[in-house]
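Student: Data file run_27.txt (compact mmCIF, C-alpha atoms) is appended below.
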# COMPACT_ATOMS: atom_id res chain seq x y z
CA MET Y 1 5.72 -39.51 -18.34
CA PRO Y 2 4.64 -42.76 -20.05
CA SER Y 3 5.43 -41.20 -23.44
CA LEU Y 4 9.00 -40.46 -22.30
CA CYS Y 5 9.41 -44.02 -21.04
CA ASN Y 6 8.12 -45.36 -24.36
CA ALA Y 7 10.59 -43.18 -26.25
CA LEU Y 8 13.45 -44.44 -24.13
CA ALA Y 9 12.31 -47.99 -24.70
CA ALA Y 10 12.16 -47.39 -28.44
CA LEU Y 11 15.73 -46.06 -28.43
CA ARG Y 12 16.93 -49.47 -27.34
CA GLY Y 13 16.18 -50.66 -30.88
CA PHE Y 14 18.96 -48.49 -32.43
CA PRO Y 15 22.32 -50.19 -33.07
CA ILE Y 16 24.40 -47.50 -31.26
CA VAL Y 17 22.15 -47.58 -28.28
CA ARG Y 18 22.16 -51.35 -28.22
CA GLY Y 19 25.87 -51.05 -27.54
CA MET Y 20 25.39 -48.86 -24.48
CA LYS Y 21 25.49 -50.41 -21.15
CA ALA Y 22 22.09 -51.20 -19.73
CA HIS Y 23 22.65 -49.38 -16.50
CA ALA Y 24 23.28 -46.07 -18.31
CA LEU Y 25 19.81 -46.22 -19.84
CA SER Y 26 18.32 -47.10 -16.53
CA LEU Y 27 19.97 -44.07 -14.95
CA LEU Y 28 18.60 -41.83 -17.70
CA THR Y 29 15.11 -43.20 -17.19
CA LEU Y 30 15.40 -42.68 -13.45
CA LEU Y 31 16.56 -39.08 -13.93
CA ALA Y 32 13.66 -38.30 -16.27
CA LEU Y 33 11.19 -39.82 -13.84
CA THR Y 34 12.67 -37.82 -10.95
CA ILE Y 35 12.41 -34.51 -12.84
CA SER Y 36 8.86 -35.26 -13.87
CA SER Y 37 7.66 -36.31 -10.45
CA SER Y 38 9.17 -33.20 -8.81
CA ALA Y 39 7.24 -30.94 -11.23
CA GLN Y 40 4.08 -32.96 -10.83
CA GLY Y 41 4.34 -32.92 -7.06
CA LYS Y 42 4.12 -29.15 -6.85
CA LEU Y 43 0.92 -27.45 -5.81
CA ARG Y 44 -0.70 -25.48 -8.61
CA VAL Y 45 -2.03 -22.12 -7.41
CA SER Y 46 -4.10 -19.65 -9.42
CA SER Y 47 -4.15 -16.10 -8.11
CA PHE Y 48 -6.39 -13.22 -9.20
CA SER Y 49 -4.57 -10.60 -7.12
CA THR Y 50 -1.02 -9.37 -7.61
CA ILE Y 51 -0.71 -9.11 -3.82
CA LEU Y 52 -1.82 -12.72 -3.25
CA THR Y 53 0.45 -13.93 -6.06
CA GLU Y 54 3.40 -12.58 -4.07
CA VAL Y 55 2.10 -14.08 -0.81
CA ALA Y 56 1.61 -17.51 -2.40
CA GLN Y 57 5.08 -17.44 -3.96
CA GLN Y 58 6.72 -16.37 -0.70
CA VAL Y 59 4.86 -18.86 1.49
CA GLY Y 60 4.85 -21.75 -1.00
CA GLY Y 61 8.45 -21.34 -2.10
CA ASP Y 62 9.61 -24.04 -4.54
CA ARG Y 63 6.76 -26.35 -3.58
CA VAL Y 64 4.19 -24.31 -5.52
CA VAL Y 65 3.69 -23.13 -9.08
CA VAL Y 66 1.73 -19.87 -8.95
CA THR Y 67 -0.10 -18.51 -11.97
CA GLY Y 68 -0.79 -14.81 -11.51
CA HIS Y 69 -3.74 -14.04 -13.76
CA VAL Y 70 -3.91 -10.33 -12.95
CA LYS Y 71 -0.52 -8.96 -13.98
CA PRO Y 72 1.23 -6.08 -12.18
CA GLY Y 73 -0.06 -2.72 -13.36
CA VAL Y 74 -3.37 -4.16 -14.58
CA ASP Y 75 -6.47 -2.62 -12.98
CA PRO Y 76 -8.17 -5.48 -11.10
CA HIS Y 77 -11.48 -3.58 -11.24
CA GLU Y 78 -11.45 -3.89 -15.03
CA TYR Y 79 -9.97 -7.40 -15.35
CA GLU Y 80 -11.95 -10.21 -16.97
CA PRO Y 81 -10.62 -13.82 -17.21
CA LYS Y 82 -9.63 -15.16 -20.63
CA PRO Y 83 -9.91 -18.79 -21.87
CA ALA Y 84 -6.27 -19.50 -20.89
CA ASP Y 85 -7.06 -18.32 -17.34
CA LEU Y 86 -10.04 -20.66 -17.12
CA LYS Y 87 -7.86 -23.61 -18.20
CA ALA Y 88 -5.28 -22.82 -15.50
CA VAL Y 89 -8.01 -22.44 -12.87
CA GLY Y 90 -9.46 -25.79 -13.89
CA GLU Y 91 -6.10 -27.43 -13.15
CA ALA Y 92 -5.29 -25.48 -9.98
CA GLN Y 93 -5.52 -27.00 -6.51
CA VAL Y 94 -5.77 -23.61 -4.79
CA ILE Y 95 -7.47 -20.54 -6.29
CA LEU Y 96 -6.82 -17.25 -4.50
CA LEU Y 97 -9.21 -14.33 -4.81
CA SER Y 98 -8.92 -10.89 -3.25
CA ALA Y 99 -12.71 -10.96 -2.60
CA LYS Y 100 -14.92 -8.21 -1.09
CA HIS Y 101 -16.56 -8.07 -4.54
CA MET Y 102 -13.31 -7.25 -6.36
CA GLU Y 103 -13.75 -10.24 -8.69
CA GLY Y 104 -17.27 -9.86 -10.02
CA TYR Y 105 -16.66 -12.90 -12.22
CA VAL Y 106 -16.12 -15.37 -9.37
CA GLY Y 107 -19.46 -17.15 -9.87
CA LYS Y 108 -18.84 -17.66 -13.58
CA LEU Y 109 -15.28 -18.75 -12.83
CA LYS Y 110 -16.44 -21.56 -10.56
CA GLU Y 111 -19.23 -22.59 -12.91
CA SER Y 112 -17.30 -22.55 -16.17
CA THR Y 113 -14.17 -24.31 -14.89
CA GLY Y 114 -15.92 -26.80 -12.63
CA THR Y 115 -12.80 -26.53 -10.52
CA LYS Y 116 -12.18 -29.07 -7.78
CA GLY Y 117 -9.55 -26.76 -6.29
CA ALA Y 118 -10.07 -24.86 -3.05
CA VAL Y 119 -11.42 -21.40 -3.86
CA ILE Y 120 -10.09 -19.09 -1.12
CA GLU Y 121 -11.81 -15.70 -0.97
CA VAL Y 122 -9.11 -14.21 1.22
CA GLY Y 123 -10.49 -10.72 1.95
CA ASP Y 124 -13.90 -11.96 3.01
CA GLY Y 125 -12.47 -12.95 6.38
CA PHE Y 126 -11.48 -9.38 7.28
CA ALA Y 127 -13.65 -6.61 8.75
CA SER Y 128 -14.92 -4.36 5.95
CA LEU Y 129 -14.80 -0.63 5.57
CA LYS Y 130 -17.39 0.98 3.30
CA MET Y 131 -16.90 3.14 0.22
CA LYS Y 132 -18.93 4.74 -2.56
CA ALA Y 133 -19.27 2.49 -5.61
CA GLU Y 134 -16.94 3.59 -8.42
CA ASN Y 135 -19.69 3.53 -11.04
CA ASP Y 136 -22.46 4.81 -8.78
CA PRO Y 137 -21.47 7.26 -6.00
CA ASN Y 138 -24.94 6.93 -4.45
CA LYS Y 139 -24.34 3.25 -3.73
CA ILE Y 140 -22.30 2.16 -0.71
CA VAL Y 141 -20.22 -1.00 -1.09
CA GLU Y 142 -17.47 -2.86 0.76
CA ASP Y 143 -14.04 -1.34 0.18
CA PRO Y 144 -12.04 -4.16 -1.47
CA HIS Y 145 -8.58 -2.57 -0.99
CA TRP Y 146 -7.84 -4.44 2.26
CA TRP Y 147 -4.11 -4.94 1.51
CA HIS Y 148 -3.32 -1.31 2.41
CA SER Y 149 -3.60 -2.47 6.02
CA ILE Y 150 -0.54 -4.42 7.18
CA THR Y 151 -2.74 -6.04 9.84
CA ASN Y 152 -4.90 -7.46 7.05
CA MET Y 153 -1.79 -8.56 5.18
CA ARG Y 154 -0.69 -10.60 8.20
CA LYS Y 155 -4.10 -12.30 8.23
CA ALA Y 156 -3.85 -12.94 4.47
CA VAL Y 157 -0.47 -14.64 4.88
CA LYS Y 158 -1.96 -16.98 7.50
CA VAL Y 159 -4.99 -17.73 5.31
CA VAL Y 160 -2.76 -18.61 2.34
CA ARG Y 161 -0.41 -20.66 4.55
CA ASP Y 162 -3.32 -22.69 5.93
CA ALA Y 163 -4.80 -23.21 2.44
CA LEU Y 164 -1.49 -24.57 1.13
CA ILE Y 165 -1.03 -26.81 4.18
CA ALA Y 166 -4.55 -28.19 3.73
CA LYS Y 167 -3.65 -29.29 0.20
CA SER Y 168 -0.13 -30.47 0.96
CA PRO Y 169 0.20 -31.45 4.65
CA ALA Y 170 3.62 -32.97 3.98
CA ASP Y 171 4.97 -29.44 3.41
CA THR Y 172 3.58 -28.02 6.66
CA ALA Y 173 7.00 -27.23 8.13
CA LEU Y 174 8.22 -25.44 4.99
CA PHE Y 175 5.04 -23.38 4.54
CA THR Y 176 5.00 -22.46 8.23
CA ASP Y 177 8.64 -21.41 8.17
CA ASN Y 178 8.23 -19.36 4.95
CA ALA Y 179 5.12 -17.68 6.32
CA ALA Y 180 6.96 -16.77 9.54
CA LYS Y 181 9.75 -15.15 7.49
CA TYR Y 182 7.25 -13.16 5.43
CA LEU Y 183 5.37 -12.09 8.58
CA ALA Y 184 8.67 -10.86 10.08
CA LYS Y 185 9.20 -8.74 6.95
CA LEU Y 186 5.72 -7.26 7.40
CA ASP Y 187 6.51 -6.45 11.05
CA ALA Y 188 9.67 -4.62 10.00
CA LEU Y 189 7.78 -2.77 7.26
CA GLU Y 190 5.10 -1.67 9.71
CA LYS Y 191 7.71 -0.43 12.17
CA TRP Y 192 9.45 1.57 9.43
CA ALA Y 193 6.12 3.03 8.24
CA LYS Y 194 5.09 4.09 11.76
CA THR Y 195 8.43 5.87 12.21
CA GLU Y 196 8.12 7.66 8.86
CA LEU Y 197 4.51 8.68 9.43
CA ALA Y 198 5.37 9.95 12.92
CA LYS Y 199 6.99 12.89 11.09
CA LEU Y 200 3.49 14.11 10.20
CA PRO Y 201 1.41 15.80 12.91
CA ARG Y 202 -1.77 13.84 13.53
CA ASP Y 203 -3.95 16.85 12.72
CA GLN Y 204 -2.35 17.11 9.26
CA ARG Y 205 -2.97 13.54 8.21
CA LYS Y 206 -5.51 14.34 5.54
CA LEU Y 207 -5.48 12.32 2.38
CA VAL Y 208 -7.24 13.82 -0.64
CA THR Y 209 -7.43 11.22 -3.40
CA SER Y 210 -9.46 10.72 -6.56
CA HIS Y 211 -9.63 6.96 -6.02
CA ASP Y 212 -11.26 5.99 -2.76
CA ALA Y 213 -8.81 3.15 -2.09
CA PHE Y 214 -6.90 4.09 1.03
CA GLN Y 215 -9.43 3.74 3.82
CA TYR Y 216 -7.70 0.73 5.39
CA PHE Y 217 -4.39 2.61 5.26
CA ALA Y 218 -6.06 5.69 6.72
CA LYS Y 219 -7.70 3.82 9.57
CA GLU Y 220 -4.47 2.08 10.51
CA ASN Y 221 -2.37 5.25 10.42
CA GLY Y 222 -4.69 7.96 11.72
CA PHE Y 223 -5.55 9.67 8.42
CA THR Y 224 -8.83 11.23 7.34
CA ILE Y 225 -9.81 10.60 3.71
CA TYR Y 226 -11.38 13.23 1.47
CA ALA Y 227 -12.20 11.53 -1.82
CA ILE Y 228 -12.62 13.88 -4.77
CA GLU Y 229 -14.81 12.27 -7.36
CA GLY Y 230 -14.94 13.40 -10.94
CA LEU Y 231 -11.23 13.54 -11.70
CA SER Y 232 -11.02 9.94 -12.84
CA SER Y 233 -14.00 10.25 -15.12
CA ALA Y 234 -14.20 11.60 -18.63
CA ASP Y 235 -17.37 13.45 -17.61
CA GLN Y 236 -16.91 17.05 -16.56
CA PRO Y 237 -17.80 17.47 -12.89
CA SER Y 238 -20.22 20.28 -12.15
CA SER Y 239 -18.83 23.68 -11.18
CA LYS Y 240 -20.54 23.26 -7.80
CA LYS Y 241 -18.71 19.97 -7.27
CA VAL Y 242 -15.38 21.58 -8.14
CA ALA Y 243 -16.15 24.50 -5.83
CA ASP Y 244 -16.98 22.06 -3.03
CA ILE Y 245 -13.67 20.23 -3.52
CA ILE Y 246 -11.74 23.51 -3.43
CA ALA Y 247 -13.63 24.63 -0.33
CA THR Y 248 -12.88 21.31 1.41
CA ILE Y 249 -9.17 21.50 0.61
CA LYS Y 250 -8.98 25.08 1.86
CA ALA Y 251 -11.04 24.44 4.98
CA GLN Y 252 -8.96 21.41 5.95
CA GLY Y 253 -5.64 23.10 5.17
CA VAL Y 254 -4.67 20.19 2.93
CA LYS Y 255 -1.19 20.68 1.46
CA ALA Y 256 -1.31 18.12 -1.34
CA ILE Y 257 -3.73 15.99 -3.32
CA PHE Y 258 -3.07 12.59 -4.82
CA PRO Y 259 -5.05 12.18 -8.05
CA GLU Y 260 -5.06 9.02 -10.12
CA LYS Y 261 -6.05 8.33 -13.72
CA ILE Y 262 -6.45 12.01 -14.57
CA GLU Y 263 -8.89 12.41 -17.40
CA ASN Y 264 -9.82 15.95 -16.43
CA PRO Y 265 -6.52 17.88 -16.35
CA LYS Y 266 -8.29 21.22 -16.69
CA VAL Y 267 -10.37 20.55 -13.61
CA LEU Y 268 -7.32 19.40 -11.70
CA LYS Y 269 -5.44 22.54 -12.70
CA GLU Y 270 -8.32 24.66 -11.50
CA ILE Y 271 -8.44 22.82 -8.17
CA THR Y 272 -4.70 23.15 -7.50
CA LYS Y 273 -4.67 26.78 -8.64
CA GLU Y 274 -7.65 27.85 -6.57
CA SER Y 275 -6.91 25.81 -3.46
CA GLY Y 276 -3.13 26.24 -3.42
CA ALA Y 277 -2.70 22.49 -2.82
CA LYS Y 278 0.08 20.86 -4.81
CA LEU Y 279 0.09 17.51 -6.61
CA GLY Y 280 1.41 14.93 -4.20
CA GLY Y 281 2.53 12.26 -6.65
CA GLU Y 282 1.10 8.93 -7.69
CA LEU Y 283 0.03 6.37 -5.11
CA HIS Y 284 -0.28 2.68 -5.95
CA ALA Y 285 -3.89 1.87 -5.12
CA ASP Y 286 -4.88 -1.34 -6.90
CA GLY Y 287 -2.02 -3.72 -6.23
CA LEU Y 288 1.51 -4.28 -7.38
CA GLY Y 289 2.98 -2.44 -10.35
CA GLU Y 290 6.30 -2.14 -12.13
CA GLY Y 291 9.72 -1.09 -10.80
CA GLU Y 292 9.78 -0.23 -7.10
CA ALA Y 293 6.13 -1.26 -6.76
CA ALA Y 294 6.84 -4.79 -8.03
CA THR Y 295 6.78 -6.09 -4.45
CA TYR Y 296 4.36 -5.44 -1.59
CA GLU Y 297 7.13 -3.88 0.48
CA GLY Y 298 8.19 -1.64 -2.41
CA MET Y 299 4.62 -0.56 -3.08
CA TYR Y 300 3.90 0.24 0.57
CA ARG Y 301 7.20 2.10 1.02
CA HIS Y 302 6.53 4.17 -2.11
CA ASN Y 303 3.08 5.16 -0.86
CA VAL Y 304 4.31 6.12 2.61
CA GLU Y 305 7.29 8.08 1.28
CA THR Y 306 5.11 9.91 -1.27
CA ILE Y 307 2.56 10.87 1.37
CA VAL Y 308 5.13 12.02 3.96
CA LYS Y 309 7.09 14.04 1.38
CA ALA Y 310 3.96 15.81 0.12
CA LEU Y 311 2.32 16.54 3.46
CA GLN Y 312 5.36 17.30 5.60
CA MET Z 1 -11.13 55.64 -46.02
CA ARG Z 2 -7.97 56.55 -47.85
CA GLY Z 3 -4.42 55.25 -47.62
CA SER Z 4 -2.59 52.26 -48.91
CA PRO Z 5 -3.90 48.76 -48.00
CA LEU Z 6 -0.54 48.02 -46.44
CA LEU Z 7 -0.83 51.04 -44.12
CA ARG Z 8 -4.40 50.06 -43.16
CA ALA Z 9 -3.30 46.52 -42.38
CA LEU Z 10 -0.44 47.87 -40.27
CA LEU Z 11 -2.81 50.15 -38.33
CA ALA Z 12 -5.22 47.27 -37.73
CA PHE Z 13 -2.34 45.09 -36.50
CA LEU Z 14 -1.17 47.80 -34.11
CA ALA Z 15 -4.71 48.22 -32.78
CA ILE Z 16 -4.97 44.46 -32.09
CA LEU Z 17 -1.55 44.54 -30.47
CA ALA Z 18 -2.61 47.41 -28.22
CA LEU Z 19 -5.70 45.47 -27.13
CA GLY Z 20 -3.78 42.22 -26.72
CA TRP Z 21 -1.61 43.31 -23.81
CA PRO Z 22 -4.44 44.26 -21.41
CA LEU Z 23 -6.37 41.13 -22.50
CA ARG Z 24 -3.37 38.93 -21.71
CA GLN Z 25 -3.01 40.57 -18.32
CA LEU Z 26 -6.69 39.90 -17.59
CA THR Z 27 -6.65 36.24 -18.67
CA ASN Z 28 -3.34 35.33 -17.02
CA ALA Z 29 -3.90 37.14 -13.76
CA GLY Z 30 -5.17 34.00 -12.04
CA ASP Z 31 -2.62 31.54 -13.39
CA ALA Z 32 -0.18 31.89 -10.54
CA PRO Z 33 -1.06 29.33 -7.87
CA ARG Z 34 -2.46 30.75 -4.74
CA GLU Z 35 -0.56 30.48 -1.51
CA GLN Z 36 -0.45 26.95 -0.14
CA PRO Z 37 -3.23 26.31 2.33
CA LYS Z 38 -2.00 26.47 5.86
CA ALA Z 39 -3.15 24.03 8.47
CA ALA Z 40 -4.44 25.69 11.62
CA VAL Z 41 -1.39 26.39 13.76
CA VAL Z 42 -1.53 24.53 17.05
CA ALA Z 43 0.18 26.41 19.84
CA ALA Z 44 2.85 24.60 21.83
CA LYS Z 45 1.57 23.56 25.24
CA GLU Z 46 3.17 21.96 28.23
CA ILE Z 47 2.78 18.22 28.63
CA GLY Z 48 4.23 15.94 31.29
CA LEU Z 49 6.07 12.75 30.38
CA ARG Z 50 7.00 10.19 33.03
CA LEU Z 51 9.05 7.11 32.17
CA ALA Z 52 9.52 4.07 34.43
CA PHE Z 53 11.69 1.06 33.60
CA THR Z 54 11.71 -2.54 34.83
CA LEU Z 55 15.41 -2.52 33.94
CA VAL Z 56 17.39 0.73 33.73
CA PRO Z 57 18.45 1.20 30.09
CA LYS Z 58 21.80 2.52 28.87
CA SER Z 59 20.11 5.41 27.07
CA VAL Z 60 16.70 6.66 26.05
CA LYS Z 61 15.58 9.20 23.45
CA VAL Z 62 12.17 10.68 22.73
CA LEU Z 63 11.39 12.16 19.32
CA HIS Z 64 8.40 14.23 18.18
CA LEU Z 65 7.76 14.78 14.45
CA GLY Z 66 11.17 13.27 13.75
CA LYS Z 67 13.02 15.67 16.11
CA GLU Z 68 14.64 14.80 19.40
CA VAL Z 69 12.81 16.38 22.35
CA TRP Z 70 14.37 14.46 25.25
CA SER Z 71 17.59 12.48 25.47
CA GLU Z 72 19.07 10.76 28.53
CA SER Z 73 22.49 9.11 28.38
CA ALA Z 74 22.35 8.04 32.05
CA PRO Z 75 18.71 7.26 32.74
CA THR Z 76 17.32 6.26 36.13
CA ALA Z 77 14.56 3.78 36.97
CA GLU Z 78 12.00 6.60 36.97
CA MET Z 79 12.26 9.94 35.22
CA GLU Z 80 9.90 12.83 34.55
CA ARG Z 81 10.09 15.88 32.34
CA ALA Z 82 7.85 18.72 31.21
CA LEU Z 83 7.90 19.19 27.43
CA LYS Z 84 6.45 22.01 25.39
CA LEU Z 85 4.87 20.51 22.27
CA ALA Z 86 2.06 21.31 19.84
CA TYR Z 87 -0.76 19.07 21.07
CA PRO Z 88 -3.70 19.07 18.62
CA ASP Z 89 -7.09 17.55 19.45
CA ALA Z 90 -6.09 14.50 17.39
CA GLY Z 91 -3.25 13.87 19.85
CA ILE Z 92 0.43 13.28 19.19
CA GLU Z 93 2.83 10.48 18.40
CA LEU Z 94 6.11 10.07 20.23
CA GLN Z 95 8.95 7.88 19.04
CA PHE Z 96 10.94 6.14 21.78
CA GLN Z 97 14.46 4.82 21.20
CA ILE Z 98 15.61 2.70 24.14
CA GLU Z 99 18.97 0.97 24.46
CA TRP Z 100 18.89 -1.79 27.08
CA PRO Z 101 22.07 -3.69 28.08
CA ALA Z 102 22.98 -6.22 25.39
CA ASP Z 103 22.55 -9.45 27.37
CA ALA Z 104 19.68 -8.30 29.54
CA PRO Z 105 16.37 -10.19 29.57
CA LEU Z 106 13.14 -8.80 28.16
CA ALA Z 107 12.45 -5.42 29.79
CA ALA Z 108 9.64 -2.89 29.76
CA MET Z 109 9.18 0.85 29.87
CA ARG Z 110 6.00 2.51 31.08
CA ALA Z 111 5.30 5.94 29.57
CA VAL Z 112 2.69 8.18 31.18
CA LEU Z 113 1.82 11.33 29.25
CA THR Z 114 -0.19 14.05 30.95
CA ASP Z 115 -1.86 16.13 28.22
CA PRO Z 116 -2.48 19.91 28.43
CA ALA Z 117 -5.98 19.22 29.84
CA GLY Z 118 -4.44 17.24 32.70
CA ASP Z 119 -5.56 13.80 31.51
CA ALA Z 120 -3.01 10.99 31.84
CA HIS Z 121 -2.46 8.44 29.05
CA GLU Z 122 -0.32 5.35 29.62
CA HIS Z 123 1.51 3.03 27.28
CA SER Z 124 4.03 0.20 27.72
CA ILE Z 125 6.91 -0.75 25.48
CA TRP Z 126 8.59 -4.14 25.75
CA GLY Z 127 11.97 -4.94 24.28
CA GLN Z 128 15.51 -6.32 24.40
CA GLY Z 129 18.68 -4.58 23.30
CA SER Z 130 17.88 -1.74 20.91
CA THR Z 131 14.15 -1.02 20.92
CA GLU Z 132 12.32 1.57 18.86
CA GLU Z 133 8.59 2.19 18.88
CA VAL Z 134 6.14 4.91 17.91
CA VAL Z 135 3.37 5.46 20.42
CA ALA Z 136 0.17 7.44 19.77
CA PHE Z 137 -1.32 9.45 22.65
CA PRO Z 138 -4.11 9.27 23.55
Show the structure stored in the file as structure tokens.

Tutor:
Amino acid sequence: MPSLCNALAALRGFPIVRGMKAHALSLLTLLALTISSSAQGKLRVSSFSTILTEVAQQVGGDRVVVTGHVKPGVDPHEYEPKPADLKAVGEAQVILLSAKHMEGYVGKLKESTGTKGAVIEVGDGFASLKMKAENDPNKIVEDPHWWHSITNMRKAVKVVRDALIAKSPADTALFTDNAAKYLAKLDALEKWAKTELAKLPRDQRKLVTSHDAFQYFAKENGFTIYAIEGLSSADQPSSKKVADIIATIKAQGVKAIFPEKIENPKVLKEITKESGAKLGGELHADGLGEGEAATYEGMYRHNVETIVKALQ
Amino acid sequence: MRGSPLLRALLAFLAILALGWPLRQLTNAGDAPREQPKAAVVAAKEIGLRLAFTLVPKSVKVLHLGKEVWSESAPTAEMERALKLAYPDAGIELQFQIEWPADAPLAAMRAVLTDPAGDAHEHSIWGQGSTEEVVAFP
């Protein structure tokens, strides 16, 4: 802002400007200062989760500037921060992470940016479900996909609200009100989902996926997960593995499977042909995407509708 | 072997063609998807459903798998009905749609489901005006 003030002061030297009334210049200066201070007064938030980017925007409203580092449609498992991300993190007052080991770079992020901002590892406060590691099926890790539980989402909203209030207590009323509105939306979404899923008999709630990302969803809605590994890998799964998958689908009477990132179409064709199960459509596993999945509500509705349609 | 090269080529082509049809039949036989797997069919069994209200509603509906199984347009403070529904080991979900008088205070409904084994499972629903809730039993 000093540079703008200096420029305005320098303008006074021009003959035309000299003729202007002094109070007009003062008003201009005041306006520039007002605009600048309103931008500077906003909380800067860095988010490494598309879900938390939405939460921060909804709860923070126009009092925050949120930088979403992981863009919609980008696989957060594969994401690595770039220099521009590190600069933004260094300037942020609140840094939001999905946690549960989703951001393997968190240590380096803190070290390299030397951030003074509050690093909030949101998911670490929620009870964990376990899953097989994506790169090593023999290793059991925490399932990081906590946002597929609306109960966890409610907790996340409160965590983000409290983090913003801690940094800007003057905005407590606004953040609290915005959070309450977002929580009401989640309540309505949960009610809708329960009604939709009630169309599926409880003994037919079997979710066969190639990406083990829906355990929180399954636990909350009475589903059993059968993860089929090998379809999202370029490596050919063994014939025994394929036979086991087919046998499981047949034994459980599963009507549809929900593969993701298919790099083995031949294997998938064999599984659907031999088991009789159909392809159930794409589920959004790793966060927000494009189109209807651009919002949390849209993503969740898409997943529920896809599952009900395929298994009904 | 005698004969024109053209005739020999034609004979060879016909021989391949003759072999091709049975080969195609053999390789394509399994292409048609098998019949969709069927979940084990759960026989419909009788369950008891008892509803009690702190405030008599204007109407109440019960849905199972998205279909209406009980509707009362003039409910009483306590009602009971036997329903025949598929009741798997995993249990069932019932959707309740209750319409309480518009200006009435917060009211509650108590639902007691007696499963085919004779075990009772209870659940309460609180609401005002139009209330809709899915309840899992047990």

Student: Box time for stretch 55-68 of chain Z: axis-aligned, enclosing all its listed atoms, 8 Å extra on each side; report centre and edge lengths in Å to one decimal, as lines of an AutoDock Vina configuration file.

Tutor:
center_x = 14.8
center_y = 6.6
center_z = 23.8
size_x = 30.0
size_y = 34.2
size_z = 36.2

Student: Choose the residue, out of Y:Ala193, Y:Ile95, Y:Ile228, Y:Ile140, that has the smallest atom-to-atom separation from Z:Val134; count all atoms listed in the file.

Tutor: Y:Ala193

Student: In the coordinates of the file, take the point (2.8, 12.7, 19.3) and a cut-off of 10 Å; then, counting all atoms listed in the file, name each qualifying protein, DNA or RNA residue as JSON, numbers by chain.

Tutor: {"Y": [198, 199, 200, 201, 202], "Z": [63, 64, 65, 85, 86, 87, 88, 90, 91, 92, 93, 94, 95, 134, 135, 136, 137, 138]}

Student: Choose the residue, out of Z:Asp103, Z:Asp89, Z:Glu72, Z:Asp115, that has the smallest atom-to-atom separation from chain Y; count all atoms listed in the file.

Tutor: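 Looking at the shortest contact to chain Y, the residue is Z:Asp89.
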
Student: Mind running chain Y against chain Z at 8 Å and telling me each contacting residue's nearest atom pair with the distance in Å (one decimal), counting all atoms listed in the file, chain and number ascending, as CSV?

Tutor:
residue,atom,partner,partner_atom,distance
Y:Lys191,CA,Z:Glu133,CA,7.3
Y:Lys194,CA,Z:Val134,CA,6.3
Y:Thr195,CA,Z:Val134,CA,6.2
Y:Ala198,CA,Z:Leu65,CA,5.6
Y:Lys199,CA,Z:Leu65,CA,3.9
Y:Leu200,CA,Z:Leu65,CA,6.1
Y:Pro201,CA,Z:Leu65,CA,6.6
Y:Arg202,CA,Z:Ala90,CA,5.8
Y:Asp203,CA,Z:Ala90,CA,5.6
Y:Gln204,CA,Z:Ala39,CA,7.0
Y:Ile249,CA,Z:Pro37,CA,7.8
Y:Lys250,CA,Z:Pro37,CA,5.9
Y:Gln252,CA,Z:Ala39,CA,6.9
Y:Gly253,CA,Z:Ala39,CA,4.2
Y:Val254,CA,Z:Pro37,CA,6.3
Y:Lys255,CA,Z:Pro37,CA,6.1
Y:Thr272,CA,Z:Pro33,CA,7.2
Y:Lys273,CA,Z:Pro33,CA,4.5
Y:Glu274,CA,Z:Arg34,CA,6.2
Y:Ser275,CA,Z:Arg34,CA,6.8
Y:Gly276,CA,Z:Gln36,CA,4.3
Y:Ala277,CA,Z:Gln36,CA,5.7
Y:Lys278,CA,Z:Gln36,CA,7.7
